[in-house]
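Student: Dropping in structure-v4.cif, which is mmCIF, C-alpha atoms:
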```cif
data_run
loop_
_atom_site.label_atom_id
_atom_site.label_comp_id
_atom_site.auth_asym_id
_atom_site.auth_seq_id
_atom_site.Cartn_x
_atom_site.Cartn_y
_atom_site.Cartn_z
CA MET A 1 42.43 74.40 19.73
CA ASN A 2 45.24 71.91 19.25
CA ASN A 3 45.93 71.82 22.98
CA GLY A 4 42.28 71.08 23.60
CA ASN A 5 42.34 68.27 21.07
CA VAL A 6 45.47 66.82 22.65
CA HIS A 7 43.94 67.06 26.11
CA GLY A 8 40.72 65.38 24.90
CA ALA A 9 42.67 62.61 23.19
CA GLY A 10 44.73 62.06 26.33
CA THR A 11 41.62 61.83 28.49
CA ARG A 12 40.01 59.37 26.09
CA ALA A 13 43.17 57.23 26.06
CA THR A 14 43.17 57.16 29.87
CA VAL A 15 39.52 56.13 29.95
CA ASP A 16 40.19 53.42 27.35
CA ARG A 17 43.07 52.02 29.41
CA LEU A 18 41.03 52.07 32.61
CA TYR A 19 38.13 50.34 30.87
CA ALA A 20 40.48 47.71 29.44
CA LEU A 21 41.70 47.03 32.96
CA VAL A 22 38.22 46.76 34.44
CA ALA A 23 36.73 44.83 31.53
CA ASN A 24 39.79 42.63 31.04
CA ASP A 25 39.90 43.49 27.34
CA GLU A 26 43.16 44.16 25.56
CA ASP A 27 41.53 46.35 22.94
CA ALA A 28 38.74 47.58 25.27
CA ARG A 29 36.16 46.85 22.56
CA THR A 30 34.65 43.39 22.77
CA CYS A 31 31.46 44.15 20.86
CA THR A 32 29.19 41.47 19.45
CA ASP A 33 25.66 42.87 19.69
CA ILE A 34 25.94 46.66 19.46
CA SER A 35 26.70 48.94 16.51
CA GLU A 36 30.22 49.86 15.47
CA GLU A 37 29.67 53.53 16.31
CA ALA A 38 28.36 52.59 19.76
CA CYS A 39 31.34 50.28 20.23
CA ARG A 40 33.76 53.20 19.90
CA GLU A 41 32.06 54.97 22.83
CA VAL A 42 31.87 51.97 25.17
CA PRO A 43 34.70 52.97 27.57
CA GLY A 44 33.37 56.48 28.19
CA ASN A 45 29.77 55.33 28.44
CA PHE A 46 30.77 52.55 30.83
CA PHE A 47 32.06 55.03 33.41
CA LYS A 48 29.36 57.65 32.83
CA ILE A 49 26.68 55.05 33.57
CA ILE A 50 28.57 53.90 36.66
CA VAL A 51 28.83 57.47 38.01
CA ALA A 52 25.13 58.14 37.37
CA ASN A 53 24.27 54.86 39.11
CA LEU A 54 26.52 55.74 42.03
CA LEU A 55 24.89 59.13 42.55
CA SER A 56 21.39 57.67 42.37
CA LYS A 57 22.31 54.97 44.93
CA VAL A 58 23.57 57.63 47.34
CA GLY A 59 20.27 59.45 46.90
CA ASP A 60 18.38 56.22 47.60
CA LEU A 61 20.27 55.74 50.87
CA LEU A 62 19.60 59.26 52.06
CA ILE A 63 15.82 58.88 51.71
CA ASN A 64 15.51 55.19 52.59
CA PRO A 65 11.81 54.69 53.46
CA LYS A 66 12.74 52.22 56.21
CA THR A 67 14.92 54.79 57.98
CA ILE A 68 14.94 58.46 56.97
CA LEU A 69 11.39 58.84 55.64
CA ALA A 70 9.95 56.69 58.40
CA TRP A 71 11.67 58.92 60.95
CA LEU A 72 10.31 62.06 59.28
CA ILE A 73 6.75 60.73 59.32
CA GLY A 74 7.02 60.23 63.08
CA ALA A 75 8.89 63.48 63.68
CA VAL A 76 6.20 65.62 62.09
CA GLY A 77 3.49 63.85 64.09
CA ALA A 78 1.79 62.15 61.13
CA PRO A 79 -0.37 59.02 61.67
CA GLY A 80 1.50 55.71 61.83
CA PHE A 81 -0.41 54.13 58.94
CA LEU A 82 1.45 56.47 56.56
CA THR A 83 4.74 54.90 57.63
CA ALA A 84 3.45 51.46 56.61
CA ALA A 85 2.65 52.82 53.14
CA LEU A 86 6.14 54.14 52.36
CA VAL A 87 7.89 50.98 51.10
CA PRO A 88 4.97 49.61 48.99
CA ILE A 89 4.45 53.02 47.39
CA ARG A 90 8.11 53.48 46.49
CA GLU A 91 8.55 49.98 45.06
CA SER A 92 5.22 49.19 43.41
CA GLY A 93 4.65 52.83 42.46
CA SER A 94 7.77 52.71 40.30
CA LEU A 95 7.07 49.28 38.79
CA ILE A 96 3.36 49.26 37.91
CA PRO A 97 3.40 52.25 35.47
CA GLN A 98 6.29 50.82 33.48
CA LEU A 99 4.06 49.10 30.96
CA LEU A 100 2.79 52.49 29.80
CA ILE A 101 6.22 54.08 30.11
CA GLY A 102 7.73 51.33 27.96
CA ALA A 103 5.04 51.74 25.28
CA TRP A 104 5.78 55.47 25.11
CA MET A 105 9.55 55.02 25.20
CA ARG A 106 9.55 52.48 22.36
CA ARG A 107 8.76 55.22 19.85
CA HIS A 108 11.92 57.19 20.56
CA PRO A 109 15.20 56.12 18.90
CA VAL A 110 17.27 57.80 21.66
CA ARG A 111 16.05 57.08 25.20
CA LYS A 112 18.58 58.48 27.64
CA GLY A 113 16.34 61.53 28.05
CA PHE A 114 13.80 59.38 29.86
CA TRP A 115 16.38 58.46 32.49
CA VAL A 116 17.39 62.12 32.83
CA LEU A 117 13.73 63.09 33.24
CA GLY A 118 13.19 60.41 35.89
CA SER A 119 16.25 61.50 37.84
CA VAL A 120 15.18 65.16 37.77
CA ILE A 121 11.68 64.19 38.95
CA GLN A 122 13.18 62.32 41.90
CA GLY A 123 15.44 65.22 42.83
CA VAL A 124 12.66 67.80 42.68
CA CYS A 125 10.30 65.60 44.73
CA VAL A 126 12.87 65.14 47.49
CA LEU A 127 13.45 68.90 47.60
CA GLY A 128 9.69 69.22 47.99
CA MET A 129 9.78 66.84 50.96
CA ALA A 130 12.50 68.92 52.62
CA LEU A 131 10.31 72.02 52.26
CA ALA A 132 7.13 70.22 53.37
CA VAL A 133 8.48 69.18 56.76
CA TRP A 134 9.21 72.83 57.58
CA GLN A 135 5.88 74.14 56.27
CA TRP A 136 3.45 71.68 57.84
CA GLN A 137 3.02 69.31 60.76
CA GLY A 138 0.88 66.26 61.50
CA LEU A 139 -1.36 64.74 58.84
CA ALA A 140 -0.74 67.54 56.31
CA ALA A 141 3.03 67.03 56.38
CA GLY A 142 2.65 63.24 56.23
CA LEU A 143 0.30 63.43 53.24
CA ALA A 144 2.69 65.83 51.49
CA ILE A 145 5.57 63.37 51.93
CA VAL A 146 3.52 60.42 50.71
CA SER A 147 2.09 62.37 47.75
CA LEU A 148 5.55 63.47 46.68
CA LEU A 149 6.73 59.87 47.08
CA VAL A 150 4.08 58.77 44.57
CA VAL A 151 5.49 61.19 41.96
CA PHE A 152 9.02 60.25 43.01
CA SER A 153 8.20 56.60 42.31
CA LEU A 154 7.03 57.50 38.81
CA GLY A 155 10.48 59.02 38.21
CA ARG A 156 12.04 55.75 39.38
CA GLY A 157 9.91 53.96 36.80
CA PHE A 158 11.30 56.10 33.97
CA CYS A 159 14.85 55.42 35.15
CA SER A 160 14.31 51.68 35.48
CA VAL A 161 13.01 51.16 31.96
CA ALA A 162 15.46 53.57 30.33
CA MET A 163 18.56 52.26 32.14
CA LYS A 164 18.19 48.71 30.86
CA ASP A 165 17.52 49.90 27.33
CA VAL A 166 20.37 52.43 27.18
CA GLN A 167 22.75 49.96 28.80
CA GLY A 168 21.76 47.33 26.24
CA LYS A 169 22.50 49.75 23.38
CA CYS A 170 25.74 51.20 24.76
CA ILE A 171 27.47 48.31 26.59
CA PRO A 172 28.33 44.95 24.95
CA LYS A 173 26.64 41.83 26.27
CA ALA A 174 29.68 40.31 27.99
CA ARG A 175 30.35 43.47 30.03
CA ARG A 176 26.92 44.41 31.42
CA GLY A 177 27.09 42.25 34.50
CA ARG A 178 30.39 43.73 35.67
CA LEU A 179 29.10 47.26 35.02
CA THR A 180 26.13 46.60 37.30
CA GLY A 181 28.33 44.87 39.85
CA LEU A 182 31.01 47.57 39.89
CA ALA A 183 28.39 50.32 40.24
CA ALA A 184 26.83 48.47 43.17
CA THR A 185 30.22 47.90 44.81
CA LEU A 186 31.23 51.56 44.56
CA SER A 187 27.84 52.75 45.80
CA GLY A 188 28.09 50.23 48.64
CA LEU A 189 31.42 51.74 49.69
CA VAL A 190 29.99 55.25 49.67
CA THR A 191 26.77 54.33 51.46
CA LEU A 192 28.76 52.30 53.98
CA GLY A 193 30.73 55.41 54.87
CA VAL A 194 27.57 57.50 55.07
CA GLY A 195 25.90 54.90 57.28
CA VAL A 196 28.82 54.81 59.71
CA VAL A 197 28.80 58.63 59.96
CA LEU A 198 25.04 58.80 60.46
CA PHE A 199 24.76 56.29 63.25
CA ARG A 200 28.17 56.20 64.89
CA GLY A 201 26.95 57.95 68.03
CA GLY A 202 23.61 56.21 68.40
CA GLN A 203 21.91 59.58 68.98
CA ASP A 204 19.14 61.13 66.93
CA PRO A 205 20.75 64.20 65.32
CA GLY A 206 17.49 66.09 64.89
CA MET A 207 15.27 67.55 62.17
CA VAL A 208 17.84 69.93 60.68
CA PHE A 209 20.30 67.11 60.02
CA TYR A 210 17.70 64.93 58.33
CA SER A 211 16.51 67.84 56.21
CA VAL A 212 20.09 68.36 55.05
CA LEU A 213 20.14 64.69 54.07
CA LEU A 214 17.06 65.24 51.90
CA VAL A 215 18.68 68.20 50.17
CA GLY A 216 21.83 66.12 49.67
CA ALA A 217 19.77 63.33 48.12
CA ALA A 218 18.09 65.79 45.76
CA LEU A 219 21.44 67.17 44.64
CA ALA A 220 22.70 63.62 44.03
CA TRP A 221 19.83 62.89 41.63
CA LEU A 222 20.20 66.21 39.82
CA LEU A 223 23.94 65.58 39.36
CA ALA A 224 23.16 62.05 38.15
CA ALA A 225 20.82 63.52 35.54
CA GLY A 226 23.61 65.75 34.26
CA VAL A 227 26.08 62.87 34.03
CA PHE A 228 23.64 60.56 32.25
CA ALA A 229 22.74 63.29 29.76
CA SER A 230 26.36 63.12 28.55
CA VAL A 231 26.12 59.40 27.61
CA ASP A 232 26.79 58.94 23.88
CA GLU A 233 23.70 56.99 22.82
CA PHE A 234 22.96 56.34 19.16
CA ALA A 235 19.55 55.90 17.59
CA GLY A 236 18.03 52.44 17.91
CA GLU A 237 14.91 50.59 16.89
CA THR A 238 11.49 52.14 17.36
CA ALA A 239 7.94 50.93 17.21
CA GLY A 240 5.52 53.70 16.38
CA GLY A 241 2.01 54.51 15.33
CA GLY A 242 -0.06 52.93 18.07
CA HIS A 243 -1.70 54.30 21.15
CA ALA A 244 0.41 53.88 24.30
CA LEU A 245 -2.32 52.17 26.32
CA ARG A 246 -3.23 49.82 23.47
CA ASP A 247 0.44 49.02 22.91
CA ALA A 248 0.83 48.34 26.61
CA TRP A 249 -1.97 45.81 26.69
CA ARG A 250 -0.60 44.21 23.54
CA SER A 251 2.76 43.88 25.25
CA LEU A 252 1.16 41.86 28.04
CA GLY A 253 0.53 39.19 25.42
CA LEU A 254 4.23 38.33 25.68
CA LEU A 255 3.41 36.48 28.90
CA ILE A 256 1.30 34.10 26.81
CA SER A 257 3.21 33.91 23.54
CA ASP A 258 6.82 34.04 24.78
CA ALA A 259 7.50 30.99 26.98
CA PRO A 260 11.13 31.85 27.93
CA PHE A 261 10.08 35.34 29.01
CA ARG A 262 7.09 33.96 30.95
CA ASN A 263 9.32 31.55 32.82
CA PHE A 264 11.72 34.38 33.65
CA VAL A 265 8.89 36.47 35.11
CA ILE A 266 7.70 33.52 37.20
CA ALA A 267 11.24 32.94 38.51
CA ARG A 268 11.69 36.64 39.28
CA ALA A 269 8.35 36.76 41.10
CA LEU A 270 9.25 33.81 43.31
CA LEU A 271 12.71 35.26 44.01
CA MET A 272 11.08 38.39 45.47
CA ALA A 273 11.49 36.52 48.75
CA SER A 274 15.08 37.76 48.92
CA ALA A 275 13.80 41.34 49.26
CA LEU A 276 10.67 40.71 51.33
CA GLY A 277 12.50 38.79 54.06
CA SER A 278 14.69 41.68 55.26
CA PRO A 279 12.07 43.62 57.27
CA PHE A 280 11.18 40.53 59.26
CA LEU A 281 14.79 40.14 60.38
CA VAL A 282 14.61 43.72 61.65
CA VAL A 283 11.39 42.93 63.52
CA LEU A 284 12.95 39.91 65.23
CA ALA A 285 15.97 41.98 66.21
CA GLN A 286 13.81 44.75 67.66
CA LYS A 287 12.21 42.27 70.04
CA GLN A 288 15.58 41.93 71.73
CA ASN A 289 17.07 45.37 71.26
CA SER A 290 16.25 48.80 69.87
CA GLY A 291 17.76 52.16 69.17
CA ALA A 292 19.69 54.02 66.50
CA ALA A 293 22.77 51.84 66.97
CA LEU A 294 20.85 48.72 65.94
CA LEU A 295 19.30 50.54 62.98
CA GLY A 296 22.76 51.70 61.98
CA ALA A 297 24.05 48.13 62.19
CA PHE A 298 21.45 47.01 59.65
CA LEU A 299 22.20 49.92 57.35
CA VAL A 300 25.93 49.24 57.50
CA ALA A 301 25.32 45.51 56.96
CA SER A 302 23.32 46.25 53.81
CA SER A 303 25.96 48.59 52.38
CA LEU A 304 28.83 46.26 53.29
CA ALA A 305 27.08 43.33 51.61
CA SER A 306 26.81 45.30 48.37
CA THR A 307 30.43 46.38 48.60
CA VAL A 308 31.91 42.92 49.06
CA SER A 309 29.63 40.94 46.77
CA ALA A 310 28.24 43.01 43.91
CA SER A 311 31.31 42.98 41.66
CA VAL A 312 31.76 39.25 42.24
CA TRP A 313 28.13 38.62 41.30
CA GLY A 314 28.56 40.92 38.29
CA PHE A 315 31.56 39.06 36.87
CA MET A 316 29.76 35.76 37.47
CA ALA A 317 26.68 37.11 35.68
CA ASP A 318 28.71 37.79 32.54
CA THR A 319 29.41 34.06 32.43
CA SER A 320 25.94 32.85 33.49
CA SER A 321 23.32 35.22 34.90
CA ARG A 322 21.01 32.22 35.29
CA LYS A 323 23.43 30.55 37.73
CA VAL A 324 23.74 33.81 39.66
CA MET A 325 19.96 33.85 40.11
CA ILE A 326 20.07 30.24 41.30
CA ARG A 327 22.87 30.81 43.79
CA GLY A 328 21.42 34.05 45.11
CA GLY A 329 17.96 32.53 45.47
CA GLY A 330 19.29 29.46 47.21
CA LEU A 331 21.30 31.52 49.70
CA ALA A 332 18.32 33.77 50.44
CA SER A 333 16.03 30.80 51.03
CA ALA A 334 18.50 29.09 53.33
CA THR A 335 18.97 32.29 55.36
CA CYS A 336 15.23 32.87 55.84
CA LEU A 337 14.58 29.26 56.83
CA LEU A 338 17.56 29.04 59.19
CA VAL A 339 16.64 32.24 61.05
CA ALA A 340 13.00 31.12 61.32
CA VAL A 341 13.91 27.69 62.70
CA LEU A 342 16.28 29.15 65.30
CA ALA A 343 13.68 31.70 66.35
CA LEU A 344 10.97 29.03 66.68
CA ALA A 345 13.33 26.93 68.77
CA GLY A 346 13.36 29.78 71.27
CA GLU A 347 17.11 30.16 71.31
CA GLY A 348 18.16 33.64 72.39
CA ALA A 349 20.34 35.18 69.69
CA ALA A 350 23.37 37.36 70.31
CA ALA A 351 23.07 41.04 69.46
CA TRP A 352 25.14 40.59 66.30
CA PHE A 353 23.19 37.62 64.95
CA TYR A 354 20.35 39.40 63.17
CA PRO A 355 22.51 42.09 61.55
CA PHE A 356 24.81 39.26 60.38
CA ALA A 357 21.83 37.33 58.95
CA PHE A 358 20.68 40.57 57.33
CA PHE A 359 24.17 40.90 55.82
CA VAL A 360 24.00 37.39 54.31
CA LEU A 361 20.48 37.98 53.02
CA ALA A 362 21.61 41.27 51.46
CA ILE A 363 24.44 39.42 49.67
CA ALA A 364 21.90 36.91 48.37
CA HIS A 365 19.53 39.67 47.24
CA ALA A 366 22.40 41.42 45.42
CA GLY A 367 23.00 38.19 43.49
CA VAL A 368 19.32 37.79 42.64
CA ARG A 369 19.07 41.42 41.57
CA ILE A 370 22.22 41.50 39.42
CA GLY A 371 21.47 38.09 37.95
CA ARG A 372 17.93 38.87 36.87
CA LYS A 373 18.86 42.35 35.55
CA THR A 374 21.68 40.93 33.43
CA TYR A 375 19.51 38.02 32.28
CA LEU A 376 16.73 40.37 31.16
CA VAL A 377 19.06 42.69 29.23
CA ASP A 378 20.81 39.76 27.52
CA MET A 379 17.71 37.75 26.59
CA ALA A 380 16.39 40.31 24.10
CA GLY A 381 17.50 43.19 21.92
CA GLY A 382 16.08 46.34 20.38
CA VAL A 383 12.44 47.18 21.05
CA LYS A 384 11.85 43.78 22.61
CA ARG A 385 14.20 44.62 25.48
CA THR A 386 12.03 47.63 26.37
CA ASP A 387 8.89 45.48 26.20
CA TYR A 388 10.43 42.80 28.40
CA THR A 389 11.52 45.34 31.00
CA ALA A 390 8.20 47.17 31.10
CA VAL A 391 6.01 44.06 31.20
CA SER A 392 8.07 42.23 33.82
CA ASN A 393 8.37 45.26 36.07
CA THR A 394 4.66 46.06 35.87
CA VAL A 395 3.69 42.48 36.67
CA ILE A 396 6.22 42.31 39.52
CA GLY A 397 4.90 45.61 40.90
CA VAL A 398 1.42 44.14 41.21
CA LEU A 399 2.68 40.83 42.60
CA LEU A 400 4.86 42.69 45.09
CA LEU A 401 1.75 44.21 46.65
CA VAL A 402 0.08 40.78 46.72
CA ALA A 403 3.10 38.98 48.16
CA GLY A 404 3.66 41.76 50.69
CA GLY A 405 0.05 41.51 51.81
CA ILE A 406 0.25 37.74 52.14
CA SER A 407 3.49 37.97 54.14
CA ALA A 408 1.94 40.58 56.43
CA ALA A 409 -1.08 38.32 56.99
CA VAL A 410 1.10 35.28 57.71
CA SER A 411 3.17 37.36 60.13
CA LEU A 412 0.07 37.63 62.34
CA LEU A 413 0.80 34.00 63.21
CA GLY A 414 4.36 35.01 64.05
CA THR A 415 7.27 36.65 62.29
CA GLU A 416 8.98 33.25 62.10
CA TRP A 417 6.16 31.82 59.98
CA ALA A 418 6.40 34.72 57.55
CA LEU A 419 10.09 33.91 57.09
CA ILE A 420 9.29 30.23 56.56
CA SER A 421 6.73 31.10 53.86
CA LEU A 422 9.24 33.38 52.16
CA GLY A 423 11.96 30.73 52.43
CA ALA A 424 9.68 28.22 50.72
CA MET A 425 8.85 30.79 48.05
CA GLY A 426 12.57 31.33 47.46
CA VAL A 427 13.15 27.58 47.09
CA LEU A 428 10.51 27.47 44.35
CA GLY A 429 12.12 30.48 42.67
CA THR A 430 15.52 28.79 42.75
CA LEU A 431 14.12 25.63 41.19
CA TRP A 432 12.26 27.62 38.55
CA SER A 433 15.44 29.53 37.67
CA TRP A 434 17.11 26.18 37.09
CA LYS A 435 14.68 25.65 34.20
CA LEU A 436 15.66 28.85 32.43
CA PRO A 437 17.89 28.60 29.33
CA GLU A 438 21.31 30.24 29.25
CA VAL A 439 21.32 33.58 27.40
CA GLU A 440 24.99 34.68 27.54
#
```
Please render this file's structure as structure tokens.

Tutor:
Amino acid sequence: MNNGNVHGAGTRATVDRLYALVANDEDARTCTDISEEACREVPGNFFKIIVANLLSKVGDLLINPKTILAWLIGAVGAPGFLTAALVPIRESGSLIPQLLIGAWMRRHPVRKGFWVLGSVIQGVCVLGMALAVWQWQGLAAGLAIVSLLVVFSLGRGFCSVAMKDVQGKCIPKARRGRLTGLAATLSGLVTLGVGVVLFRGGQDPGMVFYSVLLVGAALAWLLAAGVFASVDEFAGETAGGGHALRDAWRSLGLLISDAPFRNFVIARALLMASALGSPFLVVLAQKQNSGAALLGAFLVASSLASTVSASVWGFMADTSSRKVMIRGGGLASATCLLVAVLALAGEGAAAWFYPFAFFVLAIAHAGVRIGRKTYLVDMAGGVKRTDYTAVSNTVIGVLLLVAGGISAAVSLLGTEWALISLGAMGVLGTLWSWKLPEVE
């Protein structure tokens, strides 16, 4: 018993020292907006959340709808229109339900269970996909994958709302940006290695290999659920009594009554350009080249961008998440506009140009993403944080479908014009972010 206590105390002391090093705190407990009991658990929770994030990011890579799932749809002989539905379903399908999820979650003083549930749902759905591709072919297999992706996206919605709330309760305000940044950097390193291994030969490894990737992704989410379940979360504020749907509609009133929150949602919506521009760079590149090697170059570029930039953005966000949104949005806009202008000028680009532009755009998107996540967590506390997350994500989910449809329509005039429209949208988002107040 005594040996166990000594061992536990030694492990805790090691974690405290490591956290002090990462967080640049001498006492490892710079707490201003969380409870004293939560403050004592910050070092351990900091690394548990990072590990859970890391595992979920690895899972995301292994079922990327632009690569792995798109390949599976084609491999099983399913209609091509199902491929086009993968990305909108995964993104909007996880965002739109969050208003209801947030209304339900508000009533529970401890909310880590919602993240655990979401992670388990994702793992089970991916296992289902791995089984489906061996049971069926053609339309049946494609519909099975897409149907499971719908449920998978619901799990992502649970994780998204719960993560921000649990992080806000367990990690002090001045350390949330670096947690997000460090998690993204570590996951970028891991996914970079996986990307290099997957595409180093330029050959398609076959159905068995991709099925193994799906099983690996499922295991990553199930492990992440186990890690997150061990987070020491203490009871927080609740709002009870009402019906979830009625509460959800009432929450939408924040867009009218809460001007700072409304301006944040507008800025976030306009900064969606940093995410929507990436596929068009891939399209331009495919006009000049094709094959697994090119696809691998984009995957590696995305992972490398996260590795080299996320921690930097995270530390900057702890000083001013608003400025991180501005800088990320400005860089994304400039990249989209520059690529579009060069393409319209008819200048033939070198093989490395589009993956490099993709790399820069991914750095910009990492800044936008970390900046707006940190801003949202810091701008509100308690129940209001859950409301802010749910409302903004639901609204963005709907607008993502609208903006994606508009970009697709503009692309009929030419991929370059779609990039120009997104670049202009990003400029507006950058200017709107400039109007936001500081929240750190």

Student: Set the distance at 10 Å and use all atoms listed in the file: which residues neighbour Val151 (chain A) once local chain neighbours fewer than 4 positions away are removed? I'd like the list as a PyMOL selection string.

Tutor: chain A and resi 89-90+93-94+118+121-122+124-125+146-147+155-157

Student: Given all atoms listed in the file as the basis, pick out the residue of A:Pro79, A:Pro88, A:Gly123, A:Gly253 nearest to Asp387 (chain A).

Tutor: A:Gly253

Student: For this structure, which residues satisfy the selection - the PyMOL selection byres ((chain A and resi 270) around 7) - when it is evaluated on the file as given? I want them as a list in words.

Tutor: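 On this input, the PyMOL selection byres ((chain A and resi 270) around 7) captures Ile266, Ala267, Arg268, Ala269, Leu271, Met272, Ala273, Met425, Gly426, Leu428 and Gly429 of chain A.
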
Student: At a cut-off of 7 Å, using all atoms listed in the file, what residues contact region 409-421 of chain A? Leave out same-chain residues fewer than 6 positions from it and give the result as a list in words.

Tutor: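 Non-adjacent residues within range: Gly277, Phe280, Cys336, Leu337, Ala340, Ala343 and Leu344 of chain A.
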
Student: So, with only C-alpha atoms as the atoms that count, which of A:Trp434, A:Phe356, A:Tyr210, A:Phe315 lies closest to Thr180 (chain A)?

Tutor: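 Ranking A:Trp434, A:Phe356, A:Tyr210, A:Phe315 by distance to Thr180 (chain A), first place goes to A:Phe315.
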
Student: List the residues selected by the PyMOL selection byres ((chain A and resi 375) around 12) in the file shown, writing them as a tab-separated table (two decimals) with C-alpha atoms, in the coordinates of the input.

Tutor:
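Wrote it out as out-v6.tsv, contents follow:
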```
chain	number	residue	atom	x	y	z
A	164	LYS	CA	18.19	48.71	30.86
A	168	GLY	CA	21.76	47.33	26.24
A	173	LYS	CA	26.64	41.83	26.27
A	174	ALA	CA	29.68	40.31	27.99
A	176	ARG	CA	26.92	44.41	31.42
A	177	GLY	CA	27.09	42.25	34.50
A	180	THR	CA	26.13	46.60	37.30
A	260	PRO	CA	11.13	31.85	27.93
A	261	PHE	CA	10.08	35.34	29.01
A	264	PHE	CA	11.72	34.38	33.65
A	265	VAL	CA	8.89	36.47	35.11
A	267	ALA	CA	11.24	32.94	38.51
A	268	ARG	CA	11.69	36.64	39.28
A	314	GLY	CA	28.56	40.92	38.29
A	316	MET	CA	29.76	35.76	37.47
A	317	ALA	CA	26.68	37.11	35.68
A	318	ASP	CA	28.71	37.79	32.54
A	319	THR	CA	29.41	34.06	32.43
A	320	SER	CA	25.94	32.85	33.49
A	321	SER	CA	23.32	35.22	34.90
A	322	ARG	CA	21.01	32.22	35.29
A	323	LYS	CA	23.43	30.55	37.73
A	324	VAL	CA	23.74	33.81	39.66
A	325	MET	CA	19.96	33.85	40.11
A	326	ILE	CA	20.07	30.24	41.30
A	367	GLY	CA	23.00	38.19	43.49
A	368	VAL	CA	19.32	37.79	42.64
A	369	ARG	CA	19.07	41.42	41.57
A	370	ILE	CA	22.22	41.50	39.42
A	371	GLY	CA	21.47	38.09	37.95
A	372	ARG	CA	17.93	38.87	36.87
A	373	LYS	CA	18.86	42.35	35.55
A	374	THR	CA	21.68	40.93	33.43
A	376	LEU	CA	16.73	40.37	31.16
A	377	VAL	CA	19.06	42.69	29.23
A	378	ASP	CA	20.81	39.76	27.52
A	379	MET	CA	17.71	37.75	26.59
A	380	ALA	CA	16.39	40.31	24.10
A	381	GLY	CA	17.50	43.19	21.92
A	385	ARG	CA	14.20	44.62	25.48
A	388	TYR	CA	10.43	42.80	28.40
A	389	THR	CA	11.52	45.34	31.00
A	433	SER	CA	15.44	29.53	37.67
A	436	LEU	CA	15.66	28.85	32.43
A	437	PRO	CA	17.89	28.60	29.33
A	438	GLU	CA	21.31	30.24	29.25
A	439	VAL	CA	21.32	33.58	27.40
A	440	GLU	CA	24.99	34.68	27.54
```

Student: Report the residues retrieved by the PyMOL selection byres ((chain A and resi 302) around 10) from the displayed file, expressed as a ChimeraX atom specification.

Tutor: /A:188,191-192,195,278,296-301,303-307,355-356,358-363,366

Student: Tell me which of A:Met207, A:Val398, A:Val42, A:Leu213 sits closest to Lys169 (chain A), counting only C-alpha atoms.

Tutor: A:Val42

Student: How far is it from CA of Trp221 (chain A) to CA of Val58 (chain A), in Å with one decimal?

Tutor: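 Atom-to-atom, CA of Trp221 (chain A) to CA of Val58 (chain A), that is 8.6 Å.
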
Student: Taking 4 positions as the minimum chain separation for residues in the same chain, which residues sit within 12 Å of Val166 (chain A) when counting all atoms listed in the file? Answer as a VMD selection string.

Tutor: chain A and resid 34 38 42 45 to 46 48 to 49 105 to 106 108 to 116 158 to 162 170 to 172 176 228 to 229 231 to 237 377 381 to 383 385 to 386 389

Student: Since we have the selection now, will you write its residues out, keeping C-alpha atoms, as a CSV table (one decimal), in the frame of the given file?

Tutor:
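Printed below is selection.csv as written:
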```
chain,number,residue,atom,x,y,z
A,34,ILE,CA,25.9,46.7,19.5
A,38,ALA,CA,28.4,52.6,19.8
A,42,VAL,CA,31.9,52.0,25.2
A,45,ASN,CA,29.8,55.3,28.4
A,46,PHE,CA,30.8,52.6,30.8
A,48,LYS,CA,29.4,57.6,32.8
A,49,ILE,CA,26.7,55.0,33.6
A,105,MET,CA,9.6,55.0,25.2
A,106,ARG,CA,9.6,52.5,22.4
A,108,HIS,CA,11.9,57.2,20.6
A,109,PRO,CA,15.2,56.1,18.9
A,110,VAL,CA,17.3,57.8,21.7
A,111,ARG,CA,16.0,57.1,25.2
A,112,LYS,CA,18.6,58.5,27.6
A,113,GLY,CA,16.3,61.5,28.0
A,114,PHE,CA,13.8,59.4,29.9
A,115,TRP,CA,16.4,58.5,32.5
A,116,VAL,CA,17.4,62.1,32.8
A,158,PHE,CA,11.3,56.1,34.0
A,159,CYS,CA,14.8,55.4,35.2
A,160,SER,CA,14.3,51.7,35.5
A,161,VAL,CA,13.0,51.2,32.0
A,162,ALA,CA,15.5,53.6,30.3
A,170,CYS,CA,25.7,51.2,24.8
A,171,ILE,CA,27.5,48.3,26.6
A,172,PRO,CA,28.3,45.0,25.0
A,176,ARG,CA,26.9,44.4,31.4
A,228,PHE,CA,23.6,60.6,32.2
A,229,ALA,CA,22.7,63.3,29.8
A,231,VAL,CA,26.1,59.4,27.6
A,232,ASP,CA,26.8,58.9,23.9
A,233,GLU,CA,23.7,57.0,22.8
A,234,PHE,CA,23.0,56.3,19.2
A,235,ALA,CA,19.6,55.9,17.6
A,236,GLY,CA,18.0,52.4,17.9
A,237,GLU,CA,14.9,50.6,16.9
A,377,VAL,CA,19.1,42.7,29.2
A,381,GLY,CA,17.5,43.2,21.9
A,382,GLY,CA,16.1,46.3,20.4
A,383,VAL,CA,12.4,47.2,21.0
A,385,ARG,CA,14.2,44.6,25.5
A,386,THR,CA,12.0,47.6,26.4
A,389,THR,CA,11.5,45.3,31.0
```

Student: Would you work out the distance separating CA of Gly128 (chain A) from CA of Leu143 (chain A), expressed in Å to one decimal?

Tutor: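 About the pair CA of Gly128 (chain A) and CA of Leu143 (chain A): they are 12.2 Å apart.
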
Student: Just the number, please: distance in Å from CA of Gln167 (chain A) to CA of Gly181 (chain A), one decimal.

Tutor: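 For CA of Gln167 (chain A) relative to CA of Gly181 (chain A), the distance reads 13.4 Å.
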